[in-house]
Amino acid sequence: MAKDGITLVIATGNQGKVLEIQSLLKNYPVTLKCLNDFGPIPPVIEDGETFDDNAYKKASFTANILGFPALADDSGLVVEALSGAPGVHSARYGGKGLNDEARCRKLLKEMENIENRKAHFQCVVSIAVPGGPALTYEATCEGLISMEMTGQNGFGYDPVFYYPPLKKSFAQMTLEEKNQISHRGKTLHEIQDEFEKILKWIQQQLPVQEKFDCITD
Ligand code: ITT
């Protein structure tokens, strides 16, 4: 499918998300850019109380600063036995200094001796235009917190999130397998279904480019 004039910025600093979103939108008529294609921009303060709040903040902040429509994802792992933690704080669980592996280990430690392993990933995607409104899509994926880390693929909590229908952790899946069933994959599939309408909506929101004639003599 030919790309058309609309540029959409994938507004995330998380490379794992970039790869999944690029793969899900690669055949659609839009030019995808990521934050690395631009100079450094200030970080968004993610102080919203919900995934919706934070997704909207990231999308509209990026669209306003860069002047292009932007798509942001706010997501996280919601664990039933931990009253929904780490939830909206998934990226900062355990404190700022931890990496993905240390956060997984902390979660497994918290879950030691807990029988109820039920959890779900939640994803909210917001698509915003500069200075204007935003569209919101969301989906979840149910699974279990495993007893140990398994698999090498993906990012974040993938090694501790076991998906019973495929008998694999997210980190044991290929990108394509994960994108079929994950919270982000399902959200992006909904977006794919409406993509033509979304592109029309974006076009209507963008200011009309004025044309100026040059005087050459
Ligand atoms: P951006 O805000 O720049 O998009 P981030 O990583 O900080 O990057 P979030 O604030 O949405 O993103 O935090 C989401 C965290 O939830 C993420 O860092 C992972 O730890 C976890 N997470 C979300 N989706 C995941 C997935 O598909 N697999 C594993 N962990 C995931």
# chains A, B, ... in the order shown; residues from 1 in each chain; ligands from 1
$ residues_near_ligand --ligand "ligand 1" --cutoff "9 Å" --atoms "only C-alpha atoms and all ligand atoms" --output "VMD selection string"
chain A and resid 10 to 18 20 43 to 44 46 51 54 to 55 58 72 to 77 86 to 93 99 to 100 103 to 104 121 to 124 154 to 161 170 to 171 178 to 179 182 to 185
$ residues_around --residues "A:Ile41" --least-positions-apart "2" --cutoff "10 Å" --atoms "only C-alpha atoms" --output "list in words"
Leu35, Asn36, Phe38, Gly39, Pro43, Val44, Thr62, Ile65 and Leu66 of chain A
$ residues_around --residues "A:Ile198" --least-positions-apart "5" --cutoff "12 Å" --atoms "only C-alpha atoms" --output "ChimeraX atom specification"
/A:6,8,28-30,69,71,126-129,134-137,190-193,203-205
$ write_last_selection --atoms "N, CA, C and O atoms" --output "tab-separated table (two decimals), in the first residue's frame"
chain	number	residue	atom	x	y	z
A	6	ILE	N	0.46	11.74	5.38
A	6	ILE	CA	0.35	11.90	6.83
A	6	ILE	C	1.53	11.25	7.55
A	6	ILE	O	1.88	10.10	7.30
A	8	LEU	N	2.98	10.15	11.23
A	8	LEU	CA	2.52	9.83	12.59
A	8	LEU	C	3.75	9.50	13.43
A	8	LEU	O	4.53	8.62	13.07
A	28	TYR	N	0.32	0.14	6.55
A	28	TYR	CA	-0.72	1.15	6.44
A	28	TYR	C	-0.20	2.44	5.80
A	28	TYR	O	0.99	2.73	5.89
A	29	PRO	N	-1.09	3.19	5.14
A	29	PRO	CA	-0.65	4.34	4.35
A	29	PRO	C	-0.33	5.57	5.20
A	29	PRO	O	-1.02	6.57	5.18
A	30	VAL	N	0.72	5.45	5.97
A	30	VAL	CA	1.13	6.54	6.83
A	30	VAL	C	2.65	6.45	6.98
A	30	VAL	O	3.21	5.35	6.96
A	69	PRO	N	0.92	14.77	14.10
A	69	PRO	CA	0.06	13.85	14.86
A	69	PRO	C	0.93	12.81	15.57
A	69	PRO	O	1.95	12.38	15.02
A	71	LEU	N	1.10	9.19	18.23
A	71	LEU	CA	0.42	8.03	18.83
A	71	LEU	C	1.22	7.62	20.06
A	71	LEU	O	2.42	7.35	19.96
A	126	SER	N	-3.42	6.50	22.66
A	126	SER	CA	-4.05	7.79	22.34
A	126	SER	C	-3.41	8.32	21.06
A	126	SER	O	-2.19	8.28	20.91
A	127	ILE	N	-4.25	8.82	20.16
A	127	ILE	CA	-3.75	9.44	18.92
A	127	ILE	C	-4.18	10.91	18.98
A	127	ILE	O	-5.38	11.20	19.02
A	128	ALA	N	-3.19	11.81	19.01
A	128	ALA	CA	-3.51	13.23	19.17
A	128	ALA	C	-2.95	14.04	18.01
A	128	ALA	O	-1.94	13.66	17.41
A	129	VAL	N	-3.63	15.15	17.73
A	129	VAL	CA	-3.11	16.09	16.72
A	129	VAL	C	-2.65	17.36	17.44
A	129	VAL	O	-3.12	17.64	18.53
A	134	ALA	N	-8.06	14.18	20.88
A	134	ALA	CA	-7.37	12.90	20.71
A	134	ALA	C	-8.38	11.76	20.62
A	134	ALA	O	-9.51	11.88	21.11
A	135	LEU	N	-7.98	10.67	20.00
A	135	LEU	CA	-8.79	9.45	19.96
A	135	LEU	C	-8.16	8.46	20.93
A	135	LEU	O	-6.94	8.43	21.08
A	136	THR	N	-8.98	7.61	21.55
A	136	THR	CA	-8.45	6.66	22.53
A	136	THR	C	-8.93	5.24	22.23
A	136	THR	O	-10.10	5.05	21.90
A	137	TYR	N	-8.02	4.29	22.34
A	137	TYR	CA	-8.34	2.87	22.13
A	137	TYR	C	-7.72	2.09	23.28
A	137	TYR	O	-6.66	2.48	23.79
A	190	GLU	N	-7.59	-2.98	16.66
A	190	GLU	CA	-8.78	-2.13	16.62
A	190	GLU	C	-8.49	-0.87	15.79
A	190	GLU	O	-9.31	-0.42	14.99
A	191	ILE	N	-7.29	-0.32	15.98
A	191	ILE	CA	-6.89	0.88	15.23
A	191	ILE	C	-6.78	0.54	13.74
A	191	ILE	O	-7.23	1.30	12.88
A	192	GLN	N	-6.20	-0.64	13.44
A	192	GLN	CA	-6.08	-1.06	12.03
A	192	GLN	C	-7.46	-1.11	11.37
A	192	GLN	O	-7.65	-0.66	10.25
A	193	ASP	N	-8.46	-1.67	12.12
A	193	ASP	CA	-9.81	-1.80	11.56
A	193	ASP	C	-10.40	-0.45	11.19
A	193	ASP	O	-11.24	-0.36	10.29
A	203	GLN	N	-6.64	14.19	9.07
A	203	GLN	CA	-6.56	15.19	7.99
A	203	GLN	C	-7.47	16.39	8.27
A	203	GLN	O	-7.10	17.53	8.06
A	204	GLN	N	-8.68	16.07	8.79
A	204	GLN	CA	-9.63	17.16	9.07
A	204	GLN	C	-9.14	18.07	10.19
A	204	GLN	O	-9.46	19.25	10.24
A	205	GLN	N	-8.36	17.51	11.13
A	205	GLN	CA	-7.91	18.31	12.28
A	205	GLN	C	-6.70	19.18	11.95
A	205	GLN	O	-6.45	20.17	12.61
$ atom_distance --atom1 "atom CA of A:Leu19" --atom2 "atom CA of A:Glu177"
13.5 Å
$ closest_residue --among "A:Val125, A:Leu166, A:Met147, A:Met173" --to "A:Glu110" --atoms "only C-alpha atoms"
A:Met147
$ select_by_dssp --residues "stretch 31-146 of chain A" --states "helix (DSSP H, G or I)" --output "PyMOL selection string"
chain A and resi 35-37+51-66+80-82+87-92+100-110
$ write_last_selection --atoms "N, CA, C and O atoms" --output "compact mmCIF listing (two decimals), in the first residue's frame"
# COMPACT_ATOMS: atom_id res chain seq x y z
N LEU A 35 10.66 8.95 18.04
CA LEU A 35 11.24 10.14 18.69
C LEU A 35 12.70 10.33 18.30
O LEU A 35 13.18 11.45 18.23
N ASN A 36 13.41 9.22 18.03
CA ASN A 36 14.83 9.32 17.64
C ASN A 36 15.02 10.07 16.31
O ASN A 36 16.12 10.49 16.00
N ASP A 37 13.95 10.18 15.52
CA ASP A 37 14.06 10.92 14.26
C ASP A 37 14.10 12.43 14.48
O ASP A 37 14.30 13.19 13.53
N PHE A 51 -4.26 4.93 33.07
CA PHE A 51 -3.56 4.72 31.79
C PHE A 51 -4.06 5.74 30.76
O PHE A 51 -3.27 6.28 29.98
N ASP A 52 -5.37 6.02 30.78
CA ASP A 52 -5.95 6.99 29.83
C ASP A 52 -5.28 8.36 29.97
O ASP A 52 -4.88 8.96 28.96
N ASP A 53 -5.20 8.83 31.22
CA ASP A 53 -4.62 10.17 31.45
C ASP A 53 -3.21 10.23 30.87
O ASP A 53 -2.85 11.19 30.18
N ASN A 54 -2.41 9.21 31.18
CA ASN A 54 -0.99 9.26 30.77
C ASN A 54 -0.83 9.09 29.26
O ASN A 54 0.03 9.74 28.66
N ALA A 55 -1.66 8.25 28.65
CA ALA A 55 -1.56 8.07 27.19
C ALA A 55 -1.88 9.39 26.50
O ALA A 55 -1.18 9.81 25.58
N TYR A 56 -2.95 10.05 26.98
CA TYR A 56 -3.34 11.34 26.37
C TYR A 56 -2.23 12.37 26.56
O TYR A 56 -1.88 13.10 25.62
N LYS A 57 -1.67 12.44 27.79
CA LYS A 57 -0.60 13.42 28.06
C LYS A 57 0.56 13.22 27.08
O LYS A 57 1.08 14.17 26.51
N LYS A 58 0.99 11.95 26.93
CA LYS A 58 2.16 11.68 26.08
C LYS A 58 1.87 12.01 24.62
O LYS A 58 2.69 12.60 23.92
N ALA A 59 0.66 11.64 24.16
CA ALA A 59 0.34 11.89 22.73
C ALA A 59 0.20 13.38 22.46
O ALA A 59 0.77 13.89 21.49
N SER A 60 -0.55 14.10 23.31
CA SER A 60 -0.79 15.51 22.98
C SER A 60 0.47 16.35 23.22
O SER A 60 0.75 17.26 22.44
N PHE A 61 1.25 16.00 24.25
CA PHE A 61 2.50 16.73 24.48
C PHE A 61 3.42 16.61 23.26
O PHE A 61 3.95 17.59 22.75
N THR A 62 3.57 15.38 22.77
CA THR A 62 4.46 15.15 21.63
C THR A 62 3.94 15.83 20.37
O THR A 62 4.69 16.47 19.62
N ALA A 63 2.62 15.72 20.13
CA ALA A 63 2.04 16.35 18.94
C ALA A 63 2.25 17.86 18.99
O ALA A 63 2.61 18.49 17.98
N ASN A 64 2.07 18.45 20.17
CA ASN A 64 2.21 19.91 20.29
C ASN A 64 3.65 20.35 20.11
O ASN A 64 3.93 21.37 19.48
N ILE A 65 4.59 19.59 20.68
CA ILE A 65 6.00 19.99 20.59
C ILE A 65 6.54 19.80 19.18
O ILE A 65 7.27 20.63 18.65
N LEU A 66 6.18 18.67 18.54
CA LEU A 66 6.78 18.36 17.23
C LEU A 66 5.95 18.87 16.05
O LEU A 66 6.44 18.93 14.92
N GLU A 80 -3.70 -9.14 40.36
CA GLU A 80 -4.88 -9.20 41.24
C GLU A 80 -4.48 -9.28 42.72
O GLU A 80 -4.97 -8.51 43.54
N ALA A 81 -3.54 -10.16 43.05
CA ALA A 81 -3.19 -10.38 44.47
C ALA A 81 -2.42 -9.19 45.06
O ALA A 81 -2.25 -9.10 46.27
N LEU A 82 -1.94 -8.28 44.20
CA LEU A 82 -1.22 -7.10 44.71
C LEU A 82 -2.10 -5.85 44.59
O LEU A 82 -1.60 -4.74 44.44
N GLY A 87 0.54 -1.77 38.06
CA GLY A 87 -0.44 -0.90 37.39
C GLY A 87 0.19 0.27 36.64
O GLY A 87 1.14 0.09 35.88
N VAL A 88 -0.35 1.49 36.88
CA VAL A 88 0.17 2.65 36.14
C VAL A 88 1.62 2.96 36.51
O VAL A 88 2.28 3.72 35.82
N HIS A 89 2.09 2.34 37.59
CA HIS A 89 3.49 2.59 37.99
C HIS A 89 4.44 1.50 37.48
O HIS A 89 5.57 1.40 37.96
N SER A 90 4.00 0.69 36.52
CA SER A 90 4.80 -0.46 36.07
C SER A 90 6.22 -0.10 35.67
O SER A 90 7.17 -0.83 35.97
N ALA A 91 6.38 1.05 34.98
CA ALA A 91 7.72 1.41 34.48
C ALA A 91 8.66 1.81 35.62
O ALA A 91 9.88 1.74 35.47
N ARG A 92 8.06 2.22 36.76
CA ARG A 92 8.91 2.72 37.87
C ARG A 92 8.84 1.81 39.09
O ARG A 92 9.31 2.17 40.17
N ASP A 100 14.62 -3.75 33.64
CA ASP A 100 13.49 -4.68 33.45
C ASP A 100 13.67 -5.96 34.26
O ASP A 100 12.75 -6.45 34.92
N GLU A 101 14.90 -6.52 34.22
CA GLU A 101 15.12 -7.81 34.89
C GLU A 101 14.94 -7.66 36.41
O GLU A 101 14.31 -8.49 37.06
N ALA A 102 15.47 -6.56 36.96
CA ALA A 102 15.37 -6.35 38.41
C ALA A 102 13.91 -6.15 38.81
O ALA A 102 13.47 -6.62 39.88
N ARG A 103 13.12 -5.50 37.93
CA ARG A 103 11.69 -5.31 38.25
C ARG A 103 10.96 -6.65 38.22
O ARG A 103 10.10 -6.92 39.07
N CYS A 104 11.32 -7.52 37.26
CA CYS A 104 10.70 -8.86 37.22
C CYS A 104 11.04 -9.62 38.50
O CYS A 104 10.19 -10.28 39.09
N ARG A 105 12.31 -9.54 38.92
CA ARG A 105 12.73 -10.27 40.13
C ARG A 105 12.00 -9.74 41.36
O ARG A 105 11.59 -10.49 42.24
N LYS A 106 11.83 -8.42 41.43
CA LYS A 106 11.10 -7.84 42.56
C LYS A 106 9.66 -8.37 42.60
O LYS A 106 9.14 -8.73 43.64
N LEU A 107 9.05 -8.42 41.40
CA LEU A 107 7.67 -8.90 41.34
C LEU A 107 7.58 -10.36 41.79
O LEU A 107 6.69 -10.73 42.57
N LEU A 108 8.52 -11.19 41.32
CA LEU A 108 8.49 -12.61 41.71
C LEU A 108 8.66 -12.74 43.22
O LEU A 108 8.04 -13.58 43.86
N LYS A 109 9.50 -11.92 43.81
CA LYS A 109 9.72 -11.94 45.26
C LYS A 109 8.42 -11.57 45.98
O LYS A 109 8.01 -12.24 46.93
N GLU A 110 7.75 -10.51 45.51
CA GLU A 110 6.47 -10.08 46.11
C GLU A 110 5.42 -11.20 46.02
O GLU A 110 4.54 -11.30 46.86
$ closest_residue --among "A:Lys167, A:Lys197, A:Lys211, A:His189" --to "A:Ser23" --atoms "only C-alpha atoms"
A:His189
$ select_by_dssp --residues "stretch 7-166 of chain A" --states "strand (DSSP E)" --output "VMD selection string"
chain A and resid 7 to 10 31 to 34 70 to 79 118 to 128 134 to 145 161 to 163
$ closest_residue --among "A:Pro207, A:Gly48, A:Gly143, A:Gly131" --to "A:Arg117" --atoms "only C-alpha atoms"
A:Gly143
$ atom_distance --atom1 "atom CA of A:Lys96" --atom2 "atom CA of A:Glu142"
26.8 Å
$ closest_residue --among "A:Thr216, A:Leu206, A:Thr7, A:Pro42" --to "A:Pro133" --atoms "only C-alpha atoms"
A:Leu206
$ atom_distance --atom1 "atom CA of A:His120" --atom2 "atom CA of A:Glu49"
17.8 Å
$ residues_around --residues "A:Pro165" --least-positions-apart "3" --cutoff "10 Å" --atoms "only C-alpha atoms" --output "PyMOL selection string"
chain A and resi 143+162+168+181
